[in-house]
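Asker: Contents of coords_2.tsv (TSV, C-alpha atoms) are given next:
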```
chain	number	residue	atom	x	y	z
A	299	MET	CA	57.02	49.99	10.52
A	300	LYS	CA	56.48	52.96	12.84
A	301	ASN	CA	52.98	53.71	11.55
A	302	GLU	CA	51.17	51.51	9.03
A	303	ASN	CA	48.74	54.35	8.33
A	304	ALA	CA	51.50	55.89	6.22
A	305	MET	CA	50.52	53.41	3.49
A	306	TYR	CA	47.08	55.01	3.32
A	307	ALA	CA	48.67	58.30	2.27
A	308	LEU	CA	49.65	56.74	-1.06
A	309	THR	CA	47.27	57.71	-3.87
A	310	TYR	CA	45.25	55.01	-5.60
A	311	GLY	CA	42.55	54.90	-8.22
A	312	LEU	CA	39.71	52.38	-8.07
A	313	PHE	CA	38.72	50.11	-10.94
A	314	ILE	CA	36.54	47.17	-11.91
A	315	LEU	CA	38.65	44.44	-13.53
A	316	THR	CA	36.65	42.11	-15.78
A	317	ALA	CA	37.42	38.83	-17.53
A	318	ARG	CA	35.58	36.01	-19.29
A	319	GLN	CA	36.29	32.29	-19.54
A	320	GLY	CA	33.99	30.09	-21.55
A	321	LYS	CA	30.52	31.50	-21.01
A	322	GLN	CA	31.21	32.98	-17.58
A	323	ASP	CA	31.80	36.69	-16.98
A	324	ASN	CA	33.29	38.02	-13.77
A	325	GLY	CA	34.73	41.19	-12.30
A	326	CYS	CA	36.31	42.49	-9.11
A	327	ILE	CA	37.27	45.80	-7.51
A	328	ILE	CA	40.99	46.60	-7.56
A	329	ASN	CA	43.25	49.61	-6.93
A	330	THR	CA	46.42	48.38	-8.63
A	331	VAL	CA	46.27	49.50	-12.28
A	332	GLY	CA	49.08	51.72	-13.52
A	333	GLN	CA	50.52	52.74	-16.87
A	334	VAL	CA	54.20	51.81	-17.11
A	335	THR	CA	55.13	52.73	-20.70
A	336	ILE	CA	53.64	54.88	-23.47
A	337	THR	CA	55.39	53.23	-26.44
A	338	PRO	CA	54.29	50.51	-26.40
A	339	ASN	CA	51.21	51.48	-24.37
A	340	ARG	CA	51.38	49.09	-21.42
A	341	VAL	CA	49.88	48.77	-17.96
A	342	THR	CA	50.40	46.55	-14.96
A	343	VAL	CA	47.71	45.15	-12.70
A	344	ALA	CA	48.25	43.13	-9.53
A	345	VAL	CA	45.45	40.67	-8.74
A	346	ASP	CA	44.88	38.59	-5.62
A	347	LYS	CA	45.16	34.88	-6.44
A	348	ALA	CA	42.04	34.24	-4.35
A	349	ASN	CA	39.90	36.08	-6.93
A	350	LEU	CA	38.19	34.16	-9.71
A	351	THR	CA	39.02	37.05	-12.05
A	352	HIS	CA	42.70	36.27	-11.44
A	353	ASP	CA	42.28	32.70	-12.63
A	354	MET	CA	40.34	33.80	-15.72
A	355	ILE	CA	43.04	36.28	-16.74
A	356	ALA	CA	45.80	33.73	-16.13
A	357	ALA	CA	43.96	31.26	-18.38
A	358	THR	CA	42.81	33.58	-21.18
A	359	GLY	CA	45.43	36.34	-21.22
A	360	ILE	CA	42.95	39.19	-21.69
A	361	PHE	CA	41.12	41.60	-19.41
A	362	THR	CA	39.26	44.89	-19.38
A	363	VAL	CA	39.62	47.70	-16.85
A	364	SER	CA	36.63	49.96	-16.16
A	365	ILE	CA	37.79	53.15	-14.45
A	366	LEU	CA	35.48	54.13	-11.61
A	367	SER	CA	34.41	57.77	-11.31
A	368	GLU	CA	33.13	59.92	-8.46
A	369	ALA	CA	29.61	59.14	-9.74
A	370	ALA	CA	29.97	55.52	-8.54
A	371	GLY	CA	27.59	54.37	-5.80
A	372	PHE	CA	28.29	51.96	-2.97
A	373	ASP	CA	26.11	49.32	-4.66
A	374	LEU	CA	28.85	48.85	-7.26
A	375	PHE	CA	31.28	47.99	-4.48
A	376	ARG	CA	28.78	45.59	-2.91
A	377	ARG	CA	28.31	43.82	-6.26
A	378	PHE	CA	31.91	43.61	-7.46
A	379	GLY	CA	33.90	43.86	-4.23
A	380	PHE	CA	31.98	42.20	-1.41
A	381	GLN	CA	30.93	38.89	-2.95
A	382	SER	CA	32.76	36.09	-4.74
A	383	GLY	CA	32.30	35.20	-8.39
A	384	ARG	CA	32.93	31.59	-7.40
A	385	ASP	CA	29.42	31.36	-5.95
A	386	GLN	CA	27.65	34.46	-7.35
A	387	ASP	CA	27.01	35.74	-10.88
A	388	LYS	CA	28.05	39.35	-10.34
A	389	PHE	CA	26.47	40.49	-13.60
A	390	ALA	CA	23.08	38.87	-12.96
A	391	GLY	CA	20.35	41.53	-13.12
A	392	PHE	CA	22.93	44.23	-13.81
A	393	ASP	CA	22.19	46.56	-16.73
A	394	GLY	CA	25.22	48.84	-16.40
A	395	ALA	CA	27.59	46.94	-18.68
A	396	ARG	CA	28.31	46.44	-22.37
A	397	ARG	CA	30.33	43.85	-24.23
A	398	GLY	CA	33.43	45.11	-26.01
A	399	ASP	CA	35.03	43.90	-29.23
A	400	ASN	CA	37.26	41.55	-27.21
A	401	GLY	CA	34.16	39.73	-25.92
A	402	LEU	CA	34.55	41.02	-22.36
A	403	LEU	CA	32.10	43.19	-20.46
A	404	TYR	CA	33.02	46.69	-19.42
A	405	VAL	CA	31.05	48.61	-16.80
A	406	THR	CA	29.20	51.76	-17.90
A	407	GLU	CA	27.58	52.63	-14.55
A	408	GLY	CA	29.68	54.88	-12.31
A	409	THR	CA	32.69	54.80	-14.65
A	410	ASN	CA	34.34	57.35	-16.91
A	411	ALA	CA	36.45	55.17	-19.23
A	412	TRP	CA	37.53	51.64	-20.06
A	413	ILE	CA	40.61	49.97	-21.56
A	414	SER	CA	41.00	46.45	-22.94
A	415	CYS	CA	44.33	44.69	-22.55
A	416	LYS	CA	46.31	41.59	-23.57
A	417	VAL	CA	48.75	40.03	-21.12
A	418	VAL	CA	52.43	40.14	-22.08
A	419	SER	CA	53.91	38.53	-18.97
A	420	GLN	CA	53.04	37.35	-15.46
A	421	THR	CA	55.11	37.74	-12.29
A	422	ASP	CA	54.37	35.72	-9.15
A	423	LEU	CA	54.19	38.04	-6.11
A	424	GLY	CA	53.15	35.40	-3.58
A	425	THR	CA	49.57	36.32	-2.70
A	426	HIS	CA	49.13	38.20	-6.01
A	427	THR	CA	50.12	37.94	-9.65
A	428	LEU	CA	51.41	41.01	-11.47
A	429	PHE	CA	50.18	41.06	-15.06
A	430	LEU	CA	52.01	43.24	-17.61
A	431	ALA	CA	49.72	43.93	-20.56
A	432	ASP	CA	49.46	45.77	-23.86
A	433	VAL	CA	46.55	48.22	-24.11
A	434	LEU	CA	44.61	47.29	-27.25
A	435	ASP	CA	41.57	49.56	-27.09
A	436	GLY	CA	39.71	52.00	-24.88
A	437	ASP	CA	37.18	54.80	-24.78
A	438	MET	CA	35.84	57.60	-22.60
A	439	LEU	CA	32.36	57.19	-21.09
A	440	SER	CA	31.91	60.41	-19.10
A	441	THR	CA	33.70	63.54	-17.91
A	442	ALA	CA	33.21	62.74	-14.20
A	443	PRO	CA	36.51	62.80	-12.24
A	444	SER	CA	38.20	59.45	-11.65
A	445	LEU	CA	37.54	57.93	-8.25
A	446	THR	CA	40.40	57.82	-5.77
A	447	TYR	CA	40.68	55.58	-2.74
A	448	ALA	CA	40.58	58.67	-0.52
A	449	TYR	CA	37.36	59.95	-2.14
A	450	TYR	CA	35.78	56.50	-1.70
A	451	HIS	CA	36.52	56.53	2.04
A	452	ALA	CA	35.38	60.14	2.50
A	453	HIS	CA	32.22	60.18	0.37
A	454	ILE	CA	31.04	56.70	-0.71
A	455	LYS	CA	31.81	54.12	1.98
A	456	PRO	CA	29.05	54.16	4.63
A	457	LYS	CA	30.09	55.75	7.91
A	458	PRO	CA	29.92	53.60	11.06
A	459	GLN	CA	26.69	54.17	12.95
A	460	ALA	CA	26.92	55.35	16.53
A	461	PRO	CA	25.40	52.90	19.03
A	462	LYS	CA	21.87	53.74	20.14
A	463	GLU	CA	22.69	52.71	23.70
A	464	PRO	CA	25.90	52.19	25.70
A	465	ARG	CA	27.74	48.98	24.85
A	466	GLU	CA	29.97	46.95	27.12
A	467	LYS	CA	31.88	45.28	24.29
A	468	LYS	CA	34.58	47.00	22.31
A	469	ARG	CA	34.06	47.67	18.60
A	470	TRP	CA	36.48	47.61	15.67
A	471	VAL	CA	35.69	48.95	12.19
A	472	CYS	CA	37.16	47.74	8.91
A	473	LYS	CA	38.89	50.70	7.26
A	474	VAL	CA	38.14	49.20	3.83
A	475	CYS	CA	34.42	48.42	3.86
A	476	GLY	CA	33.08	49.71	7.21
A	477	TYR	CA	32.17	46.32	8.74
A	478	ILE	CA	32.05	46.50	12.55
A	479	TYR	CA	33.30	43.69	14.80
A	480	GLU	CA	32.17	43.56	18.43
A	481	GLY	CA	34.00	41.70	21.17
A	482	ASP	CA	36.41	41.96	24.06
A	483	ALA	CA	39.34	41.77	21.63
A	484	LEU	CA	39.82	41.56	17.87
A	485	PRO	CA	41.49	38.22	17.04
A	486	ALA	CA	44.86	38.64	15.31
A	487	ASP	CA	43.79	36.21	12.58
A	488	PHE	CA	40.37	37.81	12.04
A	489	ILE	CA	39.30	38.20	8.40
A	490	CYS	CA	36.57	40.68	7.47
A	491	PRO	CA	33.53	38.66	6.33
A	492	ILE	CA	32.59	41.38	3.84
A	493	CYS	CA	35.79	42.45	2.04
A	494	LYS	CA	38.15	39.68	3.25
A	495	HIS	CA	40.79	42.10	4.61
A	496	PRO	CA	42.83	41.09	7.69
A	497	ALA	CA	42.74	42.37	11.26
A	498	SER	CA	45.49	44.88	10.43
A	499	ASP	CA	42.94	46.83	8.39
A	500	PHE	CA	40.66	47.34	11.44
A	501	GLU	CA	40.81	50.18	13.96
A	502	GLU	CA	39.10	50.43	17.33
A	503	LEU	CA	36.07	52.71	17.58
A	504	LYS	CA	36.34	55.00	20.56
```
Once you've parsed the file, please lay out its structure as structure tokens.

Answerer:
Amino acid sequence: MKNENAMYALTYGLFILTARQGKQDNGCIINTVGQVTITPNRVTVAVDKANLTHDMIAATGIFTVSILSEAAGFDLFRRFGFQSGRDQDKFAGFDGARRGDNGLLYVTEGTNAWISCKVVSQTDLGTHTLFLADVLDGDMLSTAPSLTYAYYHAHIKPKPQAPKEPREKKRWVCKVCGYIYEGDALPADFICPICKHPASDFEELK
């Protein structure tokens, strides 16, 4: 590919995908929800197999999508995007959620709507699973504009801080979460410790 940055010109929304299995609730940040048909009303969502939410949806066949708005703060991304539900209860101490009729939590903080869905089919995409689902219910929560990936990068994600003194080592910044790696070279197999994105999602700070 001549320039991988071309992929960042695609438009994406940002969402919190939630699921429940047994007595455990979980959720994760995604940007892969899209309506595919109106009659029946269906959406697709692609979910990384490494996410606990993926396993819950595969097992239960239901999920809820909370649509993030421009009122969302970076703390929501820290809670639902930068930690794993396998070792953290993401809803612990969090008051910005309500339980829907399907038994799943939807997020009311920094969101403008939610939809609840039932899986119709699953397609293996290698690293991800594509779930096709019927939309069963939904509601509006606010009139704030929906959050796009571009707005997140421009207005919500913290900007890299300039060094207070000259540094000898080179620095690379994660284009997803803003994490900065320092070293003589960025290893090709480096994985961001915050958002788990690969070295290809880093760029050198000049």

Asker: Between A:Tyr404, A:Phe392, A:Phe488, A:Tyr449, which one has atoms that come closest to Ile365 (chain A), using all atoms listed in the file?

Answerer: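 When distances to Ile365 (chain A) are compared using all atoms listed in the file, the smallest one comes from A:Tyr404.
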
Asker: Give me, as a list in words, all polymer residues having an atom no more than 9 Å from Ile454 (chain A), counting only C-alpha atoms and skipping those fewer than 3 positions away in the same chain.

Answerer: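 So the residues in contact are Glu368, Ala370, Gly371, Phe372, Tyr449, Tyr450, His451 and Lys457 of chain A.
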
Asker: Around the point (51.6, 41.3, -22.8), in the coordinates given by the file, pick out the residues reaching within 9 Å, counting only C-alpha atoms, and return them as a list in words.

Answerer: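 Protein and nucleic acid residues near the point are Arg340, Gly359, Ile360, Cys415, Lys416, Val417, Val418, Ser419, Gln420, Phe429, Leu430, Ala431, Asp432 and Val433 of chain A.
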
Asker: Dump C-alpha atoms for the selected residues as a PDB file, keeping the file's coordinate frame?

Answerer:
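What ended up in result00.pdb:
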```pdb
ATOM      1  CA  ARG A 340      51.380  49.090 -21.420  1.00  0.00           C
ATOM      2  CA  GLY A 359      45.430  36.340 -21.220  1.00  0.00           C
ATOM      3  CA  ILE A 360      42.950  39.190 -21.690  1.00  0.00           C
ATOM      4  CA  CYS A 415      44.330  44.690 -22.550  1.00  0.00           C
ATOM      5  CA  LYS A 416      46.310  41.590 -23.570  1.00  0.00           C
ATOM      6  CA  VAL A 417      48.750  40.030 -21.120  1.00  0.00           C
ATOM      7  CA  VAL A 418      52.430  40.140 -22.080  1.00  0.00           C
ATOM      8  CA  SER A 419      53.910  38.530 -18.970  1.00  0.00           C
ATOM      9  CA  GLN A 420      53.040  37.350 -15.460  1.00  0.00           C
ATOM     10  CA  PHE A 429      50.180  41.060 -15.060  1.00  0.00           C
ATOM     11  CA  LEU A 430      52.010  43.240 -17.610  1.00  0.00           C
ATOM     12  CA  ALA A 431      49.720  43.930 -20.560  1.00  0.00           C
ATOM     13  CA  ASP A 432      49.460  45.770 -23.860  1.00  0.00           C
ATOM     14  CA  VAL A 433      46.550  48.220 -24.110  1.00  0.00           C
TER      15      VAL A 433
END
```

Asker: For each of A:Lys347, A:Asn303, A:Pro338, A:Gly311, take the minimum atom-to-atom distance to Lys473 (chain A), counting all atoms listed in the file, then give the residue where this is smallest.

Answerer: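 Nearest to Lys473 (chain A): A:Asn303.
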
Asker: Which polymer residues have any atom within 8 Å of an atom of Asn349 (chain A), counting all atoms listed in the file, with same-chain residues fewer than 3 positions away left out, as a ChimeraX atom specification?

Answerer: /A:326,345-346,352-353,382-383

Asker: Those same residues - C-alpha atoms - I'd like them written as an mmCIF file, in the frame of the given file.

Answerer:
```
data_model
loop_
_atom_site.group_PDB
_atom_site.id
_atom_site.type_symbol
_atom_site.label_atom_id
_atom_site.label_comp_id
_atom_site.auth_asym_id
_atom_site.auth_seq_id
_atom_site.Cartn_x
_atom_site.Cartn_y
_atom_site.Cartn_z
ATOM 1 C CA CYS A 326 36.310 42.490 -9.110
ATOM 2 C CA VAL A 345 45.450 40.670 -8.740
ATOM 3 C CA ASP A 346 44.880 38.590 -5.620
ATOM 4 C CA HIS A 352 42.700 36.270 -11.440
ATOM 5 C CA ASP A 353 42.280 32.700 -12.630
ATOM 6 C CA SER A 382 32.760 36.090 -4.740
ATOM 7 C CA GLY A 383 32.300 35.200 -8.390
#
```

Asker: My list of candidates is A:Leu402, A:Pro456, A:Asp482, A:Ala390. Which is closest to Leu315 (chain A) when distances are computed with only C-alpha atoms?

Answerer: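 When distances to Leu315 (chain A) are compared using only C-alpha atoms, the smallest one comes from A:Leu402.
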
Asker: Nearest to Gly394 (chain A) among A:Glu302, A:Glu502, A:Asp435, A:Glu407, with distances taken over all atoms listed in the file: which residue is it?

Answerer: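 Nearest to Gly394 (chain A): A:Glu407.
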
Asker: If you count all atoms listed in the file, which residues fall within 12 Å of Ala307 (chain A), apart from same-chain ones fewer than 5 positions away, as a list in words?

Answerer: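 Once the nearby chain positions are removed, what remains is Asn301, Glu302, Thr446, Tyr447 and Ala448 of chain A.
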
Asker: Could you jot down the CA of Gly476 (chain A) to CA of Pro458 (chain A) separation for me, Å, one decimal place?

Answerer: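 These two atoms are separated by 6.3 Å.
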